[in-house]
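Q: Data: structure.cif, mmCIF, C-alpha atoms and all ligand atoms.
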```cif
data_target
loop_
_atom_site.label_atom_id
_atom_site.label_comp_id
_atom_site.auth_asym_id
_atom_site.auth_seq_id
_atom_site.Cartn_x
_atom_site.Cartn_y
_atom_site.Cartn_z
CA MET C 1 -5.43 -17.71 11.69
CA SER C 2 -7.30 -14.50 10.92
CA ILE C 3 -7.35 -10.79 11.64
CA LEU C 4 -10.33 -8.45 11.80
CA ILE C 5 -9.98 -5.75 9.15
CA GLY C 6 -11.31 -2.45 10.50
CA ASN C 7 -13.08 -4.49 13.22
CA GLN C 8 -15.44 -5.72 10.49
CA ILE C 9 -14.00 -8.21 7.97
CA SER C 10 -12.45 -11.47 9.11
CA ALA C 11 -9.48 -12.07 6.82
CA SER C 12 -6.18 -13.90 6.46
CA PRO C 13 -3.14 -11.90 7.70
CA ILE C 14 -1.65 -12.41 4.25
CA ALA C 15 -3.57 -11.26 1.19
CA LEU C 16 -2.76 -11.93 -2.44
CA GLY C 17 -2.16 -8.85 -4.58
CA CYS C 18 -3.23 -9.32 -8.18
CA MET C 19 -1.13 -6.58 -9.83
CA ARG C 20 1.16 -9.15 -11.47
CA LEU C 21 -1.47 -11.86 -12.05
CA THR C 22 -1.72 -11.29 -15.80
CA ARG C 23 1.84 -12.61 -16.20
CA LEU C 24 0.05 -15.97 -16.05
CA ASP C 25 -2.42 -17.63 -18.40
CA VAL C 26 -5.87 -18.57 -17.09
CA ALA C 27 -4.89 -22.10 -16.00
CA GLU C 28 -1.76 -20.91 -14.17
CA ALA C 29 -3.63 -18.02 -12.54
CA GLU C 30 -6.31 -20.48 -11.40
CA LYS C 31 -3.60 -22.65 -9.84
CA ALA C 32 -2.17 -19.61 -8.01
CA LEU C 33 -5.62 -18.60 -6.71
CA LEU C 34 -6.55 -22.11 -5.57
CA THR C 35 -3.13 -22.62 -3.95
CA ALA C 36 -3.60 -19.39 -2.01
CA MET C 37 -7.07 -20.49 -0.88
CA GLU C 38 -5.80 -23.91 0.16
CA LEU C 39 -3.22 -22.14 2.36
CA GLY C 40 -5.91 -20.05 4.04
CA ILE C 41 -5.43 -16.84 2.02
CA ASN C 42 -8.92 -15.47 1.45
CA TYR C 43 -8.36 -11.78 0.61
CA PHE C 44 -7.52 -10.52 -2.90
CA ASP C 45 -6.34 -7.03 -3.79
CA HIS C 46 -6.98 -5.40 -7.17
CA ALA C 47 -7.10 -1.97 -8.81
CA ASP C 48 -8.87 -0.73 -11.90
CA ILE C 49 -5.47 0.05 -13.43
CA TYR C 50 -3.69 -3.29 -12.92
CA ALA C 51 -2.66 -4.42 -16.40
CA GLY C 52 -5.05 -1.80 -17.76
CA GLY C 53 -8.06 -3.63 -16.24
CA GLN C 54 -6.93 -7.06 -17.44
CA ALA C 55 -6.18 -8.28 -13.90
CA GLU C 56 -9.84 -7.80 -12.93
CA THR C 57 -10.99 -9.41 -16.19
CA LEU C 58 -8.77 -12.45 -15.57
CA PHE C 59 -9.98 -12.72 -11.97
CA GLY C 60 -13.59 -12.55 -13.20
CA GLU C 61 -12.85 -15.49 -15.49
CA LEU C 62 -11.46 -17.45 -12.52
CA LEU C 63 -14.63 -16.72 -10.51
CA ARG C 64 -16.77 -18.02 -13.37
CA ARG C 65 -14.65 -21.18 -13.64
CA ASN C 66 -15.02 -21.84 -9.90
CA PRO C 67 -18.65 -21.50 -8.81
CA GLY C 68 -18.97 -21.00 -5.06
CA LEU C 69 -15.56 -19.35 -4.76
CA ARG C 70 -16.93 -15.81 -4.62
CA GLU C 71 -18.68 -16.42 -1.29
CA GLN C 72 -15.46 -17.64 0.33
CA ILE C 73 -13.28 -14.63 -0.42
CA THR C 74 -13.00 -10.88 0.04
CA ILE C 75 -12.42 -8.88 -3.13
CA GLN C 76 -10.93 -5.41 -2.84
CA THR C 77 -10.29 -2.96 -5.65
CA LYS C 78 -9.08 0.63 -5.98
CA CYS C 79 -9.69 3.65 -8.15
CA GLY C 80 -8.40 7.16 -8.69
CA ILE C 81 -5.22 6.76 -10.76
CA CYS C 82 -5.59 7.87 -14.36
CA PRO C 83 -2.80 8.10 -16.94
CA GLY C 84 -0.80 11.19 -15.88
CA TYR C 85 -3.11 12.42 -13.11
CA TYR C 86 -5.27 11.46 -10.14
CA ASP C 87 -9.06 11.69 -10.11
CA SER C 88 -11.10 11.23 -6.96
CA SER C 89 -14.14 13.10 -8.23
CA GLU C 90 -17.54 11.55 -7.56
CA GLU C 91 -18.13 10.98 -11.24
CA HIS C 92 -14.84 9.16 -11.71
CA ILE C 93 -15.26 6.97 -8.61
CA LEU C 94 -18.74 5.86 -9.70
CA GLU C 95 -17.62 5.18 -13.27
CA SER C 96 -14.55 3.29 -12.14
CA VAL C 97 -16.55 0.99 -9.84
CA ASP C 98 -18.99 0.22 -12.66
CA GLY C 99 -16.00 -0.70 -14.85
CA SER C 100 -14.51 -2.96 -12.17
CA LEU C 101 -17.84 -4.72 -11.54
CA LYS C 102 -18.26 -5.33 -15.25
CA ARG C 103 -14.75 -6.77 -15.58
CA PHE C 104 -15.22 -9.03 -12.52
CA GLY C 105 -18.72 -10.01 -13.69
CA LEU C 106 -20.05 -9.12 -10.23
CA GLU C 107 -22.74 -6.92 -8.74
CA GLN C 108 -20.72 -6.11 -5.63
CA VAL C 109 -17.11 -5.78 -4.54
CA ASP C 110 -16.38 -6.05 -0.84
CA VAL C 111 -13.95 -3.15 -0.50
CA LEU C 112 -13.07 -0.01 -2.47
CA LEU C 113 -9.97 2.11 -1.77
CA ILE C 114 -8.97 5.50 -3.13
CA HIS C 115 -5.62 4.53 -4.65
CA ARG C 116 -3.55 7.64 -3.96
CA PRO C 117 -4.01 11.07 -2.37
CA ASP C 118 -5.35 13.44 -5.01
CA ALA C 119 -4.20 17.05 -4.43
CA LEU C 120 -7.53 18.17 -5.88
CA MET C 121 -9.64 15.83 -3.78
CA GLU C 122 -12.92 17.11 -2.39
CA PRO C 123 -13.89 15.12 0.70
CA GLU C 124 -17.61 15.89 0.20
CA GLU C 125 -17.52 14.32 -3.28
CA ILE C 126 -15.74 11.20 -2.08
CA ALA C 127 -18.21 10.87 0.80
CA SER C 128 -21.14 11.27 -1.58
CA ALA C 129 -19.74 8.66 -3.99
CA PHE C 130 -19.13 6.19 -1.15
CA SER C 131 -22.62 6.75 0.20
CA LYS C 132 -24.19 6.08 -3.23
CA LEU C 133 -22.07 2.95 -3.71
CA GLU C 134 -23.07 1.66 -0.28
CA LYS C 135 -26.78 2.36 -0.85
CA SER C 136 -26.79 0.71 -4.27
CA GLY C 137 -25.00 -2.32 -2.79
CA LYS C 138 -22.11 -2.06 -5.24
CA VAL C 139 -19.50 -1.73 -2.45
CA LYS C 140 -19.67 -2.86 1.20
CA TYR C 141 -16.59 -1.27 2.83
CA PHE C 142 -14.28 1.65 2.08
CA GLY C 143 -10.74 2.82 2.64
CA VAL C 144 -7.77 4.69 1.23
CA SER C 145 -4.24 3.99 0.14
CA ASN C 146 -1.00 5.95 0.49
CA MET C 147 -2.56 8.67 2.64
CA ASN C 148 -1.12 10.30 5.75
CA SER C 149 -3.09 10.83 8.92
CA VAL C 150 -4.16 14.40 8.13
CA GLN C 151 -5.52 13.36 4.74
CA MET C 152 -7.45 10.59 6.47
CA GLN C 153 -8.83 13.06 9.02
CA LEU C 154 -9.92 15.39 6.24
CA LEU C 155 -11.97 12.57 4.71
CA ASP C 156 -13.14 11.21 8.03
CA ARG C 157 -14.82 14.51 8.88
CA GLU C 158 -17.23 13.96 5.98
CA MET C 159 -17.86 10.27 6.66
CA PRO C 160 -17.08 9.46 10.30
CA GLY C 161 -15.93 5.90 10.82
CA LYS C 162 -16.38 4.85 7.22
CA LEU C 163 -12.70 4.41 6.33
CA ILE C 164 -11.51 1.05 7.65
CA ILE C 165 -8.30 0.52 5.65
CA ASN C 166 -5.18 2.42 4.63
CA GLN C 167 -2.90 0.53 2.24
CA LEU C 168 0.73 1.72 2.42
CA GLN C 169 4.12 0.41 1.37
CA PHE C 170 5.73 -1.36 4.33
CA GLY C 171 8.32 -4.04 4.90
CA VAL C 172 11.66 -4.46 6.65
CA ALA C 173 13.42 -2.74 3.72
CA HIS C 174 10.83 0.06 3.53
CA SER C 175 9.99 0.74 7.15
CA GLY C 176 8.87 4.38 7.09
CA LEU C 177 5.71 3.60 9.06
CA VAL C 178 7.76 2.72 12.14
CA ASP C 179 10.93 4.80 11.50
CA GLU C 180 9.51 8.15 12.53
CA GLY C 181 8.19 6.70 15.78
CA ILE C 182 11.40 4.87 16.70
CA ALA C 183 13.56 7.95 16.02
CA VAL C 184 11.19 10.62 17.33
CA ASN C 185 12.94 13.85 18.34
CA THR C 186 16.39 12.69 17.21
CA ASP C 187 18.48 14.23 14.43
CA LEU C 188 18.42 10.95 12.51
CA ASN C 189 17.06 10.85 8.95
CA GLN C 190 14.81 8.04 10.14
CA GLY C 191 13.06 10.56 12.38
CA VAL C 192 11.87 12.69 9.46
CA VAL C 193 8.09 12.74 9.59
CA ARG C 194 6.83 11.37 6.28
CA THR C 195 3.46 9.89 7.23
CA ASP C 196 2.20 12.18 10.00
CA GLY C 197 2.19 9.21 12.34
CA VAL C 198 -0.33 7.39 10.20
CA LEU C 199 0.33 3.98 11.75
CA ASP C 200 -0.60 5.25 15.21
CA TYR C 201 -3.52 7.20 13.76
CA CYS C 202 -4.86 3.98 12.23
CA ARG C 203 -4.45 2.10 15.51
CA LEU C 204 -6.27 4.85 17.40
CA ASN C 205 -9.17 4.80 14.94
CA GLY C 206 -9.65 1.08 14.29
CA VAL C 207 -8.28 1.34 10.75
CA THR C 208 -6.31 -1.65 9.42
CA VAL C 209 -3.05 -0.97 7.63
CA GLN C 210 -2.31 -3.17 4.63
CA ALA C 211 1.35 -3.45 3.62
CA TRP C 212 1.89 -3.31 -0.13
CA SER C 213 5.10 -4.52 -1.82
CA PRO C 214 6.35 -6.19 1.37
CA MET C 215 9.45 -7.59 -0.34
CA GLN C 216 10.56 -4.46 -2.20
CA TYR C 217 12.95 -1.70 -1.24
CA GLY C 218 12.58 1.87 -2.47
CA MET C 219 9.87 2.60 -4.96
CA PHE C 220 9.80 -0.51 -7.16
CA LYS C 221 13.60 -0.96 -7.02
CA GLY C 222 13.17 -4.72 -6.70
CA PRO C 223 13.02 -7.39 -4.01
CA PHE C 224 15.57 -6.77 -1.22
CA MET C 225 16.03 -10.51 -0.84
CA GLN C 226 18.04 -10.61 -4.08
CA CYS C 227 19.91 -7.38 -3.42
CA PRO C 228 23.59 -7.34 -2.35
CA ASP C 229 22.98 -4.06 -0.44
CA TYR C 230 20.98 -6.17 2.04
CA ALA C 231 23.53 -9.01 2.38
CA GLU C 232 23.70 -8.88 6.21
CA LEU C 233 19.93 -8.75 6.58
CA ASN C 234 19.52 -11.63 4.15
CA ALA C 235 22.14 -13.70 5.98
CA TYR C 236 20.25 -13.18 9.26
CA ILE C 237 16.94 -13.99 7.58
CA GLY C 238 18.59 -17.22 6.40
CA GLU C 239 19.57 -18.05 10.01
CA LEU C 240 16.07 -17.37 11.30
CA ALA C 241 14.54 -19.39 8.47
CA GLU C 242 16.63 -22.38 9.54
CA GLN C 243 15.76 -21.87 13.20
CA TYR C 244 11.99 -21.65 12.54
CA HIS C 245 12.01 -24.29 9.76
CA VAL C 246 10.39 -21.90 7.28
CA SER C 247 11.41 -19.99 4.14
CA GLY C 248 13.21 -16.65 4.01
CA GLU C 249 10.08 -15.09 2.52
CA ALA C 250 8.15 -16.24 5.61
CA ILE C 251 10.64 -14.50 7.91
CA ALA C 252 10.43 -11.25 5.91
CA LEU C 253 6.62 -11.33 6.13
CA ALA C 254 6.58 -12.42 9.78
CA TRP C 255 8.44 -9.16 10.49
CA ILE C 256 5.35 -7.28 9.26
CA LEU C 257 2.83 -9.56 10.99
CA ARG C 258 4.69 -9.22 14.33
CA HIS C 259 3.62 -5.59 14.64
CA PRO C 260 0.78 -5.25 17.18
CA ALA C 261 -1.23 -3.09 14.76
CA LYS C 262 -2.16 -6.43 13.07
CA ILE C 263 -1.08 -5.25 9.65
CA GLN C 264 -2.21 -7.33 6.67
CA ALA C 265 0.66 -8.10 4.26
CA ILE C 266 -0.25 -8.06 0.56
CA ILE C 267 2.11 -10.34 -1.32
CA GLY C 268 2.52 -9.86 -5.04
CA THR C 269 4.03 -13.07 -6.26
CA ALA C 270 2.09 -15.09 -8.80
CA ASN C 271 4.36 -18.09 -8.32
CA THR C 272 2.66 -20.98 -6.48
CA ASP C 273 5.87 -22.12 -4.74
CA ARG C 274 6.51 -18.62 -3.45
CA ILE C 275 2.87 -18.29 -2.31
CA ARG C 276 3.42 -21.49 -0.28
CA ARG C 277 6.69 -20.20 1.17
CA SER C 278 5.06 -16.87 2.04
CA ALA C 279 2.07 -18.46 3.77
CA GLN C 280 4.40 -20.06 6.34
CA ALA C 281 4.69 -16.58 7.89
CA MET C 282 1.21 -17.02 9.37
CA ASN C 283 2.49 -19.82 11.65
CA ILE C 284 5.42 -18.09 13.37
CA THR C 285 5.94 -15.15 15.73
CA LEU C 286 9.30 -13.37 15.86
CA THR C 287 10.69 -12.31 19.23
CA ARG C 288 11.40 -8.65 20.04
CA PRO C 289 15.21 -9.10 19.76
CA GLU C 290 14.77 -10.80 16.36
CA TRP C 291 12.40 -8.09 15.12
CA TYR C 292 14.75 -5.29 16.16
CA LYS C 293 17.83 -7.06 14.80
CA MET C 294 16.18 -7.37 11.38
CA TYR C 295 15.25 -3.69 11.54
CA LYS C 296 18.83 -2.74 12.39
CA LEU C 297 20.39 -4.97 9.72
CA ALA C 298 18.12 -3.32 7.14
CA GLY C 299 20.25 -0.19 7.75
CA ASN C 300 18.39 1.53 10.58
CA MET C 301 19.51 2.92 13.91
CA ILE C 302 18.01 1.94 17.21
CA PRO C 303 18.74 5.13 19.14
N1 LIG X 1 -1.64 0.74 -3.09
C1 LIG X 1 -0.60 0.88 -3.88
O1 LIG X 1 -0.19 2.00 -4.23
C2 LIG X 1 0.11 -0.35 -4.36
C3 LIG X 1 1.32 -0.24 -5.05
C4 LIG X 1 1.96 -1.42 -5.45
C5 LIG X 1 1.39 -2.66 -5.16
N2 LIG X 1 0.20 -2.73 -4.51
C6 LIG X 1 -0.44 -4.03 -4.17
O2 LIG X 1 0.51 -4.79 -3.46
C7 LIG X 1 0.65 -6.07 -4.08
C8 LIG X 1 2.02 -6.58 -3.86
O3 LIG X 1 2.99 -5.74 -4.52
P1 LIG X 1 4.31 -6.37 -5.13
O4 LIG X 1 3.97 -7.31 -6.21
O5 LIG X 1 5.25 -5.28 -5.43
O6 LIG X 1 4.75 -7.21 -3.82
P2 LIG X 1 6.00 -8.05 -3.39
O7 LIG X 1 5.48 -9.32 -2.81
O8 LIG X 1 6.86 -7.16 -2.55
O9 LIG X 1 6.79 -8.34 -4.71
C9 LIG X 1 6.47 -9.39 -5.59
C10 LIG X 1 7.59 -9.48 -6.59
O10 LIG X 1 8.83 -9.73 -5.90
C11 LIG X 1 9.36 -10.94 -6.35
N3 LIG X 1 9.93 -11.63 -5.19
C12 LIG X 1 9.33 -11.84 -4.00
N4 LIG X 1 10.15 -12.49 -3.18
C13 LIG X 1 11.29 -12.73 -3.87
C14 LIG X 1 12.52 -13.38 -3.57
N5 LIG X 1 12.73 -13.95 -2.39
N6 LIG X 1 13.43 -13.44 -4.52
C15 LIG X 1 13.21 -12.88 -5.74
N7 LIG X 1 12.07 -12.27 -6.09
C16 LIG X 1 11.13 -12.18 -5.16
C17 LIG X 1 8.23 -11.71 -6.96
O11 LIG X 1 8.76 -12.57 -7.95
P3 LIG X 1 7.94 -13.89 -8.43
O12 LIG X 1 6.68 -13.38 -9.07
O13 LIG X 1 8.90 -14.53 -9.35
O14 LIG X 1 7.65 -14.68 -7.21
C18 LIG X 1 7.37 -10.61 -7.55
O15 LIG X 1 7.87 -10.20 -8.81
C19 LIG X 1 0.27 -5.82 -5.54
O16 LIG X 1 -0.15 -7.00 -6.20
C20 LIG X 1 -0.87 -4.85 -5.38
O17 LIG X 1 -2.04 -5.57 -5.07
C21 LIG X 1 -0.44 -1.59 -4.09
#
```
Would you mind giving the structure from this file in structure tokens?
Ligand SMILES: NC(=O)c1ccc[n+]([C@@H]2O[C@H](COP(=O)([O-])OP(=O)(O)OC[C@H]3O[C@@H](n4cnc5c(N)ncnc54)[C@H](OP(=O)(O)O)[C@@H]3O)[C@@H](O)[C@H]2O)c1
A:
Amino acid sequence: MSILIGNQISASPIALGCMRLTRLDVAEAEKALLTAMELGINYFDHADIYAGGQAETLFGELLRRNPGLREQITIQTKCGICPGYYDSSEEHILESVDGSLKRFGLEQVDVLLIHRPDALMEPEEIASAFSKLEKSGKVKYFGVSNMNSVQMQLLDREMPGKLIINQLQFGVAHSGLVDEGIAVNTDLNQGVVRTDGVLDYCRLNGVTVQAWSPMQYGMFKGPFMQCPDYAELNAYIGELAEQYHVSGEAIALAWILRHPAKIQAIIGTANTDRIRRSAQAMNITLTRPEWYKMYKLAGNMIP
């Protein structure tokens, strides 16, 4: 099963995020990577800042230990977060990519994202950096993360069609991307516009949304599946898991994959058993009543 990222890159609907990979030693990390590949996961998400660069260094070591692997996978990284500030200047973007390539031991990464919106961003500089990276062959495809639709438009004006990804937090316990659409023109809190309709903007413009931290609620508050505040949701997830003969993690991720925008879910576990349980999501499709019931049990209104 695969999706077409930005109408260009064929990829698994579940990607493996490498932010927590350095919790493992090289042999364990290799097992996690090879387990993911065996399950059909072929897309790996990084950032220059994960574990202070160590995640990319560890991944580079895994590539060297497994010749031929590089050609079978898509490697994505991000730049722009510095300690205490954001920097999306041309100089910083170019320097950061050189650092990532060195740590990976590669001459090219497949995808580069600007990690967060930078209040001081200059679209012309970002466009110039992306153009240089494309010409030199250091990066093939480009995107952003955590941006709303107006911020994307601002960039798009300088580089029409170049942005093919926006990576945003999304999951049944952090559903902002669909809340504002479901509750449009109501007086519900859910209806507060927080993303400027970015999910619809992405659909209209052939941009793929990637869902980061699919199992978390709030900003890094922890996985909702262990949280008593989500007892009813978790009980229903348990029922569905039994009905579909899959894990609870698979049901939580299937909720994301059910959206017609063909969102790619970026899981962050480094545990091989949980990677296996998560991958089961790629084999099931929730019904509309199930999707909406999960949404409601996560604490939302269906007006
Ligand atoms: N663009 C951005 O701003 C941004 C921000 C954050 C993350 N990301 C990307 O998104 C990826 C995923 O983020 P994430 O790691 O927060 O994702 P996640 O998959 O939501 O969370 C993974 C964490 O939740 C735990 N977990 C998952 N299911 C669980 C369950 N059923 N019970 C208990 N614990 C459970 C995992 O524990 P175990 O390890 O024990 O399985 C792991 O610590 C990152 O690796 C990174 O690539 C991007």
Q: Residues within 9 Å of (-1.7, -15.7, 3.3), file coordinates, counting all atoms listed in the file: what are they? Give the list as a ChimeraX atom specification.
A: /C:12-16,36-37,39-43,265-267,275-276,278-282
Q: Which one is closest to Leu62 in chain C: C:His92, C:Lys162, C:Arg203, C:Arg103? Count all atoms listed in the file.
A: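 Checking each candidate against Leu62 in chain C, we get C:Arg103 as the closest.
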Q: Taking only C-alpha atoms and all ligand atoms and a cut-off of 6 Å, can you tell me which residues surround ligand LIG 1 (chain X), written as a ChimeraX atom specification?
A: /C:17-20,45-46,115,145,167,212-216,223,225-226,249,266-271,274
Q: Counting all atoms listed in the file, figure out which residue out of C:Leu21, C:Glu90, C:Leu240, C:Glu30 gets nearest to Asn66 in chain C.
A: C:Glu30
Q: If we count only C-alpha atoms, what is near Val111 in chain C at a cut-off of 6 Å, once residues fewer than 6 positions away on the same chain are taken out, given as a list of chain:residue names?
A: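 Counting only C-alpha atoms, the residues come to C:Gln76, C:Lys140, C:Tyr141, C:Phe142.
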